[in-house]
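S.K.: Dropping in query.cif, with mmCIF, C-alpha atoms (C1' of nucleotides).
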data_start
#
loop_
_atom_site.group_PDB
_atom_site.id
_atom_site.type_symbol
_atom_site.label_atom_id
_atom_site.label_comp_id
_atom_site.auth_asym_id
_atom_site.auth_seq_id
_atom_site.Cartn_x
_atom_site.Cartn_y
_atom_site.Cartn_z
ATOM 1 C CA MET A 26 139.769 22.932 125.377
ATOM 2 C CA PRO A 27 142.577 23.286 127.542
ATOM 3 C CA GLU A 28 143.673 26.614 128.851
ATOM 4 C CA LEU A 29 146.762 26.780 131.037
ATOM 5 C CA PRO A 30 145.275 24.948 134.045
ATOM 6 C CA GLU A 31 144.184 22.014 131.916
ATOM 7 C CA VAL A 32 147.612 21.840 130.294
ATOM 8 C CA VAL A 33 149.319 21.850 133.699
ATOM 9 C CA VAL A 34 146.926 19.213 135.035
ATOM 10 C CA THR A 35 147.613 17.074 131.978
ATOM 11 C CA LEU A 36 151.356 17.402 132.390
ATOM 12 C CA ARG A 37 151.230 16.504 136.077
ATOM 13 C CA GLY A 38 148.933 13.590 135.369
ATOM 14 C CA VAL A 39 150.963 11.928 132.646
ATOM 15 C CA SER A 40 154.528 12.739 133.709
ATOM 16 C CA PRO A 41 154.968 10.173 136.509
ATOM 17 C CA HIS A 42 153.916 7.403 134.151
ATOM 18 C CA VAL A 43 156.284 8.158 131.291
ATOM 19 C CA ILE A 44 159.332 10.114 132.432
ATOM 20 C CA GLY A 45 162.458 7.975 132.491
ATOM 21 C CA LYS A 46 160.929 5.405 130.178
ATOM 22 C CA GLN A 47 162.111 4.393 126.728
ATOM 23 C CA VAL A 48 159.957 4.765 123.632
ATOM 24 C CA VAL A 49 159.653 1.604 121.557
ATOM 25 C CA SER A 50 157.416 2.966 118.816
ATOM 26 C CA VAL A 51 154.933 5.643 117.831
ATOM 27 C CA ASP A 52 151.655 4.835 116.166
ATOM 28 C CA VAL A 53 150.246 7.689 114.056
ATOM 29 C CA ARG A 54 146.750 6.736 112.932
ATOM 30 C CA GLU A 55 145.815 10.248 111.786
ATOM 31 C CA SER A 56 148.524 12.724 110.851
ATOM 32 C CA ARG A 57 146.215 15.556 109.740
ATOM 33 C CA LEU A 58 146.292 17.789 112.784
ATOM 34 C CA ARG A 59 146.700 21.547 112.496
ATOM 35 C CA TRP A 60 149.974 20.788 110.787
ATOM 36 C CA PRO A 61 150.972 17.307 109.689
ATOM 37 C CA VAL A 62 152.449 15.061 112.347
ATOM 38 C CA PRO A 63 156.012 14.254 111.196
ATOM 39 C CA ALA A 64 155.889 11.113 109.070
ATOM 40 C CA ASP A 65 159.066 9.761 110.637
ATOM 41 C CA LEU A 66 158.063 10.409 114.251
ATOM 42 C CA SER A 67 158.367 6.745 115.178
ATOM 43 C CA SER A 68 161.904 6.439 113.898
ATOM 44 C CA LEU A 69 162.823 9.788 115.495
ATOM 45 C CA LEU A 70 161.640 8.710 118.952
ATOM 46 C CA SER A 71 162.175 4.976 119.081
ATOM 47 C CA GLY A 72 164.935 3.962 121.443
ATOM 48 C CA GLN A 73 165.028 7.368 123.148
ATOM 49 C CA THR A 74 164.316 7.897 126.826
ATOM 50 C CA LEU A 75 161.909 10.656 127.862
ATOM 51 C CA LEU A 76 163.980 12.892 130.110
ATOM 52 C CA ASP A 77 161.401 15.369 131.393
ATOM 53 C CA GLY A 78 158.283 17.309 130.562
ATOM 54 C CA ARG A 79 157.375 20.954 131.013
ATOM 55 C CA GLN A 80 154.910 23.485 129.717
ATOM 56 C CA ARG A 81 155.291 26.805 127.912
ATOM 57 C CA GLY A 82 151.963 28.560 127.640
ATOM 58 C CA LYS A 83 149.567 25.945 126.360
ATOM 59 C CA TYR A 84 152.345 23.960 124.728
ATOM 60 C CA LEU A 85 153.688 20.770 126.305
ATOM 61 C CA LEU A 86 157.393 20.124 125.828
ATOM 62 C CA PHE A 87 158.732 16.613 126.324
ATOM 63 C CA ARG A 88 162.521 16.498 126.267
ATOM 64 C CA PHE A 89 164.434 13.617 124.699
ATOM 65 C CA PRO A 90 168.197 13.304 124.211
ATOM 66 C CA THR A 91 168.068 14.584 120.610
ATOM 67 C CA GLY A 92 165.197 17.081 120.759
ATOM 68 C CA HIS A 93 161.776 17.997 122.093
ATOM 69 C CA LEU A 94 158.361 16.615 121.315
ATOM 70 C CA MET A 95 156.026 19.638 121.324
ATOM 71 C CA ILE A 96 152.317 19.053 121.761
ATOM 72 C CA HIS A 97 149.423 21.525 121.736
ATOM 73 C CA LEU A 98 145.939 20.301 122.600
ATOM 74 C CA GLY A 99 144.024 22.820 120.497
ATOM 75 C CA MET A 100 140.365 23.196 121.462
ATOM 76 C CA SER A 101 139.403 19.596 122.043
ATOM 77 C CA GLY A 102 142.578 17.626 122.609
ATOM 78 C CA ASN A 103 143.707 15.560 125.531
ATOM 79 C CA LEU A 104 146.626 13.380 126.433
ATOM 80 C CA ARG A 105 146.329 10.460 128.748
ATOM 81 C CA ILE A 106 147.947 7.293 129.906
ATOM 82 C CA VAL A 107 146.553 3.985 128.707
ATOM 83 C CA ARG A 108 147.898 0.451 128.238
ATOM 84 C CA ASP A 109 148.965 -0.921 124.893
ATOM 85 C CA GLU A 110 145.946 -3.218 124.841
ATOM 86 C CA THR A 111 143.439 -0.377 125.458
ATOM 87 C CA PRO A 112 140.918 -0.249 122.573
ATOM 88 C CA VAL A 113 141.437 2.652 120.177
ATOM 89 C CA GLY A 114 138.662 5.239 119.812
ATOM 90 C CA LYS A 115 137.678 7.176 116.736
ATOM 91 C CA HIS A 116 139.729 10.268 117.575
ATOM 92 C CA ASP A 117 142.709 8.588 119.215
ATOM 93 C CA HIS A 118 145.169 9.866 116.650
ATOM 94 C CA VAL A 119 148.616 9.179 118.085
ATOM 95 C CA ASP A 120 150.084 6.657 120.551
ATOM 96 C CA ILE A 121 153.571 6.950 121.985
ATOM 97 C CA ILE A 122 154.359 3.461 123.181
ATOM 98 C CA PHE A 123 156.904 2.827 125.923
ATOM 99 C CA GLY A 124 158.881 -0.314 126.706
ATOM 100 C CA ASP A 125 156.732 -1.429 129.623
ATOM 101 C CA GLY A 126 153.464 -1.262 127.668
ATOM 102 C CA THR A 127 152.524 2.213 128.904
ATOM 103 C CA VAL A 128 151.033 4.353 126.161
ATOM 104 C CA LEU A 129 150.801 8.144 126.004
ATOM 105 C CA ARG A 130 147.687 8.598 123.877
ATOM 106 C CA TYR A 131 146.762 11.809 122.033
ATOM 107 C CA THR A 132 143.064 12.294 121.299
ATOM 108 C CA ASP A 133 141.599 15.292 119.476
ATOM 109 C CA PRO A 134 138.196 15.276 117.732
ATOM 110 C CA ARG A 135 138.565 18.672 116.106
ATOM 111 C CA ARG A 136 142.234 18.247 115.170
ATOM 112 C CA PHE A 137 143.166 21.846 116.011
ATOM 113 C CA GLY A 138 146.074 20.604 118.059
ATOM 114 C CA THR A 139 149.605 19.940 116.936
ATOM 115 C CA ILE A 140 152.453 17.488 117.480
ATOM 116 C CA GLN A 141 155.873 18.534 116.306
ATOM 117 C CA TRP A 142 159.473 17.499 116.700
ATOM 118 C CA LEU A 143 161.898 20.282 117.657
ATOM 119 C CA VAL A 144 165.644 20.165 117.313
ATOM 120 C CA GLY A 145 167.531 22.805 119.271
ATOM 121 C CA ALA A 146 166.284 25.354 121.774
ATOM 122 C CA PRO A 147 162.469 25.265 122.000
ATOM 123 C CA GLU A 148 162.287 28.983 122.848
ATOM 124 C CA GLN A 149 163.560 29.735 119.369
ATOM 125 C CA HIS A 150 160.828 27.854 117.597
ATOM 126 C CA PRO A 151 158.561 30.293 115.699
ATOM 127 C CA LEU A 152 155.496 29.167 117.649
ATOM 128 C CA LEU A 153 157.197 29.925 120.969
ATOM 129 C CA SER A 154 159.573 32.776 120.276
ATOM 130 C CA SER A 155 157.091 35.616 120.591
ATOM 131 C CA LEU A 156 155.094 34.346 123.546
ATOM 132 C CA GLY A 157 154.652 36.636 126.530
ATOM 133 C CA PRO A 158 155.524 35.744 130.123
ATOM 134 C CA GLU A 159 154.059 32.835 132.035
ATOM 135 C CA PRO A 160 151.443 34.053 134.510
ATOM 136 C CA PHE A 161 153.342 32.528 137.443
ATOM 137 C CA GLU A 162 156.630 34.096 136.401
ATOM 138 C CA GLU A 163 157.972 37.118 138.298
ATOM 139 C CA ALA A 164 157.891 39.194 135.126
ATOM 140 C CA PHE A 165 154.120 39.020 135.057
ATOM 141 C CA THR A 166 153.038 42.010 137.124
ATOM 142 C CA GLY A 167 150.517 44.816 137.037
ATOM 143 C CA GLU A 168 153.296 47.161 136.017
ATOM 144 C CA TYR A 169 154.156 44.912 133.081
ATOM 145 C CA LEU A 170 150.533 44.763 131.919
ATOM 146 C CA TYR A 171 150.164 48.499 132.325
ATOM 147 C CA GLN A 172 153.233 49.235 130.198
ATOM 148 C CA ALA A 173 152.283 46.664 127.564
ATOM 149 C CA SER A 174 148.794 48.117 127.212
ATOM 150 C CA ARG A 175 149.622 51.794 126.670
ATOM 151 C CA GLY A 176 148.214 52.977 123.358
ATOM 152 C CA ARG A 177 146.294 49.762 122.784
ATOM 153 C CA LYS A 178 142.681 50.073 121.726
ATOM 154 C CA VAL A 179 141.757 46.394 121.906
ATOM 155 C CA PRO A 180 139.241 45.534 124.586
ATOM 156 C CA ILE A 181 140.878 44.447 127.829
ATOM 157 C CA LYS A 182 139.447 40.959 127.486
ATOM 158 C CA GLN A 183 141.100 40.352 124.118
ATOM 159 C CA PHE A 184 144.296 41.935 125.421
ATOM 160 C CA LEU A 185 144.341 39.427 128.277
ATOM 161 C CA MET A 186 143.819 36.535 125.863
ATOM 162 C CA ASP A 187 146.670 37.670 123.594
ATOM 163 C CA ASN A 188 149.542 35.194 123.964
ATOM 164 C CA LYS A 189 152.070 37.903 123.192
ATOM 165 C CA VAL A 190 150.896 39.703 126.339
ATOM 166 C CA VAL A 191 150.653 36.727 128.675
ATOM 167 C CA VAL A 192 150.284 33.037 127.928
ATOM 168 C CA GLY A 193 147.694 30.631 129.155
ATOM 169 C CA VAL A 194 144.617 32.784 129.677
ATOM 170 C CA GLY A 195 141.844 31.575 127.395
ATOM 171 C CA ASN A 196 138.175 32.388 127.125
ATOM 172 C CA ILE A 197 136.987 30.829 130.377
ATOM 173 C CA TYR A 198 139.603 32.372 132.625
ATOM 174 C CA ALA A 199 139.607 35.759 130.889
ATOM 175 C CA ASN A 200 135.885 36.041 131.599
ATOM 176 C CA GLU A 201 136.335 34.867 135.178
ATOM 177 C CA THR A 202 139.272 37.073 136.120
ATOM 178 C CA LEU A 203 137.639 40.215 134.734
ATOM 179 C CA PHE A 204 134.528 39.460 136.742
ATOM 180 C CA GLN A 205 136.543 38.903 139.906
ATOM 181 C CA CYS A 206 138.274 42.254 139.385
ATOM 182 C CA GLY A 207 135.107 44.151 138.507
ATOM 183 C CA ILE A 208 136.506 45.249 135.149
ATOM 184 C CA CYS A 209 134.212 45.671 132.138
ATOM 185 C CA PRO A 210 135.554 43.435 129.342
ATOM 186 C CA THR A 211 134.923 46.015 126.624
ATOM 187 C CA LEU A 212 137.167 48.731 128.094
ATOM 188 C CA ALA A 213 140.063 49.657 125.835
ATOM 189 C CA ALA A 214 143.204 48.100 127.340
ATOM 190 C CA GLY A 215 145.020 51.411 127.007
ATOM 191 C CA ASN A 216 142.489 53.112 129.249
ATOM 192 C CA VAL A 217 142.767 50.698 132.152
ATOM 193 C CA SER A 218 144.512 52.143 135.192
ATOM 194 C CA ARG A 219 147.697 50.939 136.807
ATOM 195 C CA SER A 220 145.925 49.957 140.004
ATOM 196 C CA ARG A 221 143.389 47.865 138.106
ATOM 197 C CA PHE A 222 146.204 46.053 136.330
ATOM 198 C CA ASP A 223 147.785 45.332 139.703
ATOM 199 C CA ALA A 224 144.569 43.684 140.797
ATOM 200 C CA LEU A 225 144.217 41.882 137.492
ATOM 201 C CA ALA A 226 147.690 40.327 137.620
ATOM 202 C CA ILE A 227 146.985 39.030 141.112
ATOM 203 C CA GLU A 228 143.593 37.707 140.099
ATOM 204 C CA VAL A 229 144.890 35.934 136.987
ATOM 205 C CA ARG A 230 147.316 34.041 139.193
ATOM 206 C CA ARG A 231 144.733 33.295 141.827
ATOM 207 C CA VAL A 232 142.101 32.012 139.400
ATOM 208 C CA LEU A 233 144.563 29.887 137.422
ATOM 209 C CA ALA A 234 146.065 28.415 140.587
ATOM 210 C CA SER A 235 142.651 27.593 141.945
ATOM 211 C CA ALA A 236 141.641 25.932 138.666
ATOM 212 C CA ILE A 237 144.816 23.845 138.705
ATOM 213 C CA GLU A 238 144.040 22.718 142.258
ATOM 214 C CA GLN A 239 140.579 21.652 141.147
ATOM 215 C CA GLY A 240 141.962 19.594 138.283
ATOM 216 C CA GLY A 241 140.982 22.117 135.610
ATOM 217 C CA THR A 242 137.626 22.924 134.054
ATOM 218 C CA THR A 243 135.737 20.149 132.298
ATOM 219 C CA LEU A 244 133.006 21.425 129.996
ATOM 220 C CA ARG A 245 132.456 18.240 128.054
ATOM 221 C CA ASP A 246 135.505 16.301 127.073
ATOM 222 C CA PHE A 247 138.497 17.473 129.060
ATOM 223 C CA VAL A 248 140.136 14.826 131.205
ATOM 224 C CA GLY A 249 143.451 15.098 132.980
ATOM 225 C CA GLY A 250 146.293 12.679 132.344
ATOM 226 C CA ASP A 251 144.737 10.301 134.849
ATOM 227 C CA GLY A 252 141.469 10.254 132.893
ATOM 228 C CA LYS A 253 139.554 12.260 135.510
ATOM 229 C CA PRO A 254 137.544 15.401 134.737
ATOM 230 C CA GLY A 255 138.266 18.747 136.404
ATOM 231 C CA TYR A 256 135.989 20.354 138.932
ATOM 232 C CA PHE A 257 136.609 24.075 138.501
ATOM 233 C CA LYS A 258 133.369 24.355 136.524
ATOM 234 C CA GLN A 259 131.584 24.469 139.864
ATOM 235 C CA GLN A 260 133.398 27.710 140.638
ATOM 236 C CA LEU A 261 132.624 29.602 137.447
ATOM 237 C CA TYR A 262 130.883 32.899 138.152
ATOM 238 C CA VAL A 263 130.166 34.084 134.617
ATOM 239 C CA TYR A 264 131.458 31.753 131.900
ATOM 240 C CA GLY A 265 128.525 29.861 130.394
ATOM 241 C CA ARG A 266 126.029 31.784 132.531
ATOM 242 C CA GLY A 267 124.763 34.492 130.149
ATOM 243 C CA GLY A 268 121.169 35.462 131.016
ATOM 244 C CA GLU A 269 121.447 33.979 134.499
ATOM 245 C CA THR A 270 121.801 36.075 137.632
ATOM 246 C CA CYS A 271 125.046 37.470 138.972
ATOM 247 C CA LEU A 272 126.153 35.511 142.029
ATOM 248 C CA ARG A 273 127.301 38.786 143.654
ATOM 249 C CA CYS A 274 124.519 41.261 142.989
ATOM 250 C CA GLY A 275 121.666 39.371 141.360
ATOM 251 C CA SER A 276 121.620 41.371 138.112
ATOM 252 C CA VAL A 277 121.153 39.550 134.812
ATOM 253 C CA LEU A 278 124.519 38.623 133.283
ATOM 254 C CA MET A 279 125.053 39.955 129.760
ATOM 255 C CA GLU A 280 126.474 37.917 126.910
ATOM 256 C CA ILE A 281 128.207 39.594 123.959
ATOM 257 C CA ARG A 282 130.695 38.589 121.224
ATOM 258 C CA GLN A 283 134.243 39.896 121.228
ATOM 259 C CA GLY A 284 136.639 38.698 118.545
ATOM 260 C CA GLN A 285 134.214 35.896 117.688
ATOM 261 C CA ARG A 286 134.347 34.580 121.263
ATOM 262 C CA SER A 287 131.565 34.823 123.789
ATOM 263 C CA THR A 288 131.980 37.195 126.688
ATOM 264 C CA VAL A 289 129.774 37.082 129.756
ATOM 265 C CA PHE A 290 129.849 39.808 132.366
ATOM 266 C CA CYS A 291 127.824 41.564 135.008
ATOM 267 C CA PRO A 292 126.839 45.064 133.828
ATOM 268 C CA VAL A 293 126.582 46.236 137.439
ATOM 269 C CA CYS A 294 129.672 44.679 139.039
ATOM 270 C CA GLN A 295 131.922 45.251 136.031
ATOM 271 C CA GLN A 296 132.343 48.849 134.853
ATOM 272 C "C1'" DC B 21 152.590 47.968 114.063
ATOM 273 C "C1'" DC B 22 147.589 47.319 115.267
ATOM 274 C "C1'" DC B 23 143.177 45.268 114.750
ATOM 275 C "C1'" DA B 24 139.185 42.457 112.839
ATOM 276 C "C1'" DA B 25 137.785 38.600 110.455
ATOM 277 C "C1'" DG B 26 138.520 34.132 108.243
ATOM 278 C "C1'" DA B 27 140.273 29.730 108.398
ATOM 279 C "C1'" DC B 28 140.924 25.078 110.172
ATOM 280 C "C1'" DC B 29 137.633 20.596 112.187
ATOM 281 C "C1'" DT B 30 134.061 17.490 114.615
ATOM 282 C "C1'" DG B 31 130.222 16.940 117.563
ATOM 283 C "C1'" DG B 32 126.487 18.303 120.677
ATOM 284 C "C1'" DC B 33 122.472 20.833 121.309
ATOM 285 C "C1'" DG B 34 118.028 23.264 120.553
ATOM 286 C "C1'" DG B 35 114.451 24.124 117.359
ATOM 287 C "C1'" DC B 36 111.314 22.746 113.877
ATOM 288 C "C1'" DT C 18 113.708 10.390 114.410
ATOM 289 C "C1'" DG C 19 115.954 13.738 111.132
ATOM 290 C "C1'" DC C 20 117.910 17.814 109.339
ATOM 291 C "C1'" DC C 21 119.760 22.674 110.077
ATOM 292 C "C1'" DG C 22 122.027 26.211 112.156
ATOM 293 C "C1'" DC C 23 124.680 27.586 115.835
ATOM 294 C "C1'" DC C 24 127.957 26.965 119.357
ATOM 295 C "C1'" DA C 25 132.417 25.172 121.548
ATOM 296 C "C1'" DG C 26 138.333 25.306 125.876
ATOM 297 C "C1'" DG C 27 142.835 28.047 120.222
ATOM 298 C "C1'" DT C 28 145.616 30.576 117.317
ATOM 299 C "C1'" DC C 29 147.679 31.125 112.798
ATOM 300 C "C1'" DT C 30 146.938 33.714 108.563
ATOM 301 C "C1'" DT C 31 145.227 37.335 105.802
ATOM 302 C "C1'" DG C 32 143.743 41.835 104.627
ATOM 303 C "C1'" DG C 33 142.792 46.605 105.644
#
If you took the structure in this file and wrote it as structure tokens, what would it be?

M.R.:
Amino acid sequence: MPELPEVVVTLRGVSPHVIGKQVVSVDVRESRLRWPVPADLSSLLSGQTLLDGRQRGKYLLFRFPTGHLMIHLGMSGNLRIVRDETPVGKHDHVDIIFGDGTVLRYTDPRRFGTIQWLVGAPEQHPLLSSLGPEPFEEAFTGEYLYQASRGRKVPIKQFLMDNKVVVGVGNIYANETLFQCGICPTLAAGNVSRSRFDALAIEVRRVLASAIEQGGTTLRDFVGGDGKPGYFKQQLYVYGRGGETCLRCGSVLMEIRQGQRSTVFCPVCQQ
DNA sequence: CCCAAGACCTGGCGGC
DNA sequence: TGCCGCCAGGTCTTGG
């Protein structure tokens, strides 16, 4: 599933094809996503012009004159551009059809994603109101992480994946950034030093930016808005490599479970 | 408030 | 080839 880089790649891929265009209809073939897709989505959107698209954490926000279409891709979702005659696959749940025959198609086998219609300021929506800073925002600094972590006993890896702390860092990139910084993922967040948080903030930005440049990470089904997979997988140092050797020191990488997610780290490089 | 675990889904893979 | 258990990019909800 998409973490922040995949969401950004998706947004950049689809935007040029749909912004400024008018919706003629919406086809909802399966409304049972994480929450039901609004039954009247077609009548809400039809006739409206898509003004712009942006991203908040892993949420995509498409602005229309009367509100925002908010889309989350869950674990297995993707959004891409097809034509109105493109054959429909089993998990192609929603089509947003524009006047020139362009279709923004939402696909999601596991249906953990969501599509909602927001009226008013998106930041005030319950799903967005308590999100932490964007990793590329100025507010995201080592000092911020240090302050936010005081007194916290959660392992640093889970702290980094907490959307109230910072948005966009999921399981792949949490594993990768901690490796790059040489920080053991099981350390209590509250015990991590200020200088290590400085390095971590820098590394989170660097890893995410690099993944975006590579078109994201494709494990099996992620494709960007242009239908192409991402190539960051070739640059993963630890994720998916438990039991293999560390690319830095040659030790055997350990794999453990933290919060029901797999963590892979080098017991020598990360302490 | 903090933290851990359960819940929601489908599909791919390894093992037998 | 078939079935079974386990695993997967997220995050809300519940319970202690």

S.K.: At most 9 Å is the cut-off: for each residue in chain B with any atom that close to an atom of chain A, write down the nearest atom pair and the distance in Å rounded to one decimal, counting only C-alpha atoms (C1' of nucleotides), chain first then increasing number, as a Markdown table.

M.R.:
| residue | atom | partner | partner_atom | distance |
| --- | --- | --- | --- | --- |
| B:DC22 | C1' | A:Arg177 | CA | 8.0 |
| B:DC23 | C1' | A:Val179 | CA | 7.4 |
| B:DA24 | C1' | A:Gly284 | CA | 7.3 |
| B:DA25 | C1' | A:Gly284 | CA | 8.2 |
| B:DC28 | C1' | A:Phe137 | CA | 7.0 |
| B:DC29 | C1' | A:Arg135 | CA | 4.5 |
| B:DT30 | C1' | A:Arg135 | CA | 4.9 |
| B:DG31 | C1' | A:Pro134 | CA | 8.1 |

S.K.: Give me the residues near Ile121 (chain A) as a list in words, where near means some atom within 9 Å (using only C-alpha atoms (C1' of nucleotides)) and where sequence neighbours in that chain fewer than 2 positions away do not count.

M.R.: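 Once the adjacent positions are removed, what remains is Val48, Val49, Ser50, Val51, Asp52, Val53, Ser67, Leu70, Val119, Phe123, Thr127, Val128, Leu129, Arg130 and Tyr131 of chain A.
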
S.K.: Which residues match the PyMOL selection byres ((chain B and resi 33) around 10) in the file above, as a list in words?

M.R.: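 Evaluating the PyMOL selection byres ((chain B and resi 33) around 10) on this file yields DG31, DG32, DG34 and DG35 of chain B; DC23 and DC24 of chain C.
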
S.K.: Pull out every residue that the PyMOL selection byres ((chain A and resi 153) around 10) matches in the shown coordinates and put them as a ChimeraX atom specification.

M.R.: /A:81-82,84,147-152,154-157,188-189

S.K.: Please build the interface table for chain A against chain C with a cut-off of 8 Å, listing for each qualifying residue the nearest atom pair and the distance in Å to one decimal; count all atoms listed in the file, order rows by chain and increasing number, and write it as a tab-separated table.

M.R.:
residue	atom	partner	partner_atom	distance
A:Met26	CA	C:DG26	C1'	2.8
A:Pro27	CA	C:DG26	C1'	5.0
A:Glu28	CA	C:DG26	C1'	6.3
A:Gly99	CA	C:DG27	C1'	5.4
A:Met100	CA	C:DG26	C1'	5.3
A:Ser101	CA	C:DG26	C1'	7.0
A:Phe137	CA	C:DG27	C1'	7.5
A:Gly195	CA	C:DG26	C1'	7.3
A:Asn196	CA	C:DG26	C1'	7.2
A:Ile197	CA	C:DG26	C1'	7.3
A:Leu244	CA	C:DG26	C1'	7.8

S.K.: Could you jot down the CA of His93 (chain A) to CA of Gly114 (chain A) separation for me, Å, one decimal place?

M.R.: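 Straight-line distance from CA of His93 (chain A) to CA of Gly114 (chain A) works out to 26.5 Å.
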
S.K.: Report, in Å with one decimal, the straight-line distance from CA of Gln141 (chain A) to CA of His97 (chain A).

M.R.: 8.9 Å

S.K.: Which polymer residues have any atom within 12 Å of an atom of Ser174 (chain A), counting only C-alpha atoms (C1' of nucleotides), with same-chain residues fewer than 5 positions away left out, as a PyMOL selection string?

M.R.: chain A and resi 167-169+179-185+187+189-191+212-219+222

S.K.: Give as a VMD selection string the residues that the PyMOL selection byres ((chain A and resi 275) around 12) matches when applied to the coordinates above.

M.R.: chain A and resid 262 268 to 274 276 to 278 291 to 294

S.K.: Could the residues in this selection be saved with C-alpha atoms as a PDB file, in the frame of the given file?

M.R.:
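The resulting again_14.pdb:
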ATOM      1  CA  TYR A 262     130.883  32.899 138.152  1.00  0.00           C
ATOM      2  CA  GLY A 268     121.169  35.462 131.016  1.00  0.00           C
ATOM      3  CA  GLU A 269     121.447  33.979 134.499  1.00  0.00           C
ATOM      4  CA  THR A 270     121.801  36.075 137.632  1.00  0.00           C
ATOM      5  CA  CYS A 271     125.046  37.470 138.972  1.00  0.00           C
ATOM      6  CA  LEU A 272     126.153  35.511 142.029  1.00  0.00           C
ATOM      7  CA  ARG A 273     127.301  38.786 143.654  1.00  0.00           C
ATOM      8  CA  CYS A 274     124.519  41.261 142.989  1.00  0.00           C
ATOM      9  CA  SER A 276     121.620  41.371 138.112  1.00  0.00           C
ATOM     10  CA  VAL A 277     121.153  39.550 134.812  1.00  0.00           C
ATOM     11  CA  LEU A 278     124.519  38.623 133.283  1.00  0.00           C
ATOM     12  CA  CYS A 291     127.824  41.564 135.008  1.00  0.00           C
ATOM     13  CA  PRO A 292     126.839  45.064 133.828  1.00  0.00           C
ATOM     14  CA  VAL A 293     126.582  46.236 137.439  1.00  0.00           C
ATOM     15  CA  CYS A 294     129.672  44.679 139.039  1.00  0.00           C
TER      16      CYS A 294
END

S.K.: If I take CA of Gln259 (chain A) and CA of Glu238 (chain A), how far is one from the other in Å, to one decimal?

M.R.: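 CA of Glu238 (chain A) lies at a distance of 12.8 Å from CA of Gln259 (chain A).
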
S.K.: With all atoms listed in the file as the counted atoms, please give the residues lying no more than 9 Å from Thr35 (chain A), apart from itself and same-chain residues fewer than 6 positions off, as a list in words.

M.R.: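 So, after excluding close chain neighbours, the residues are Asn103, Leu104, Arg105, Gly240, Val248, Gly249, Gly250 and Asp251 of chain A.
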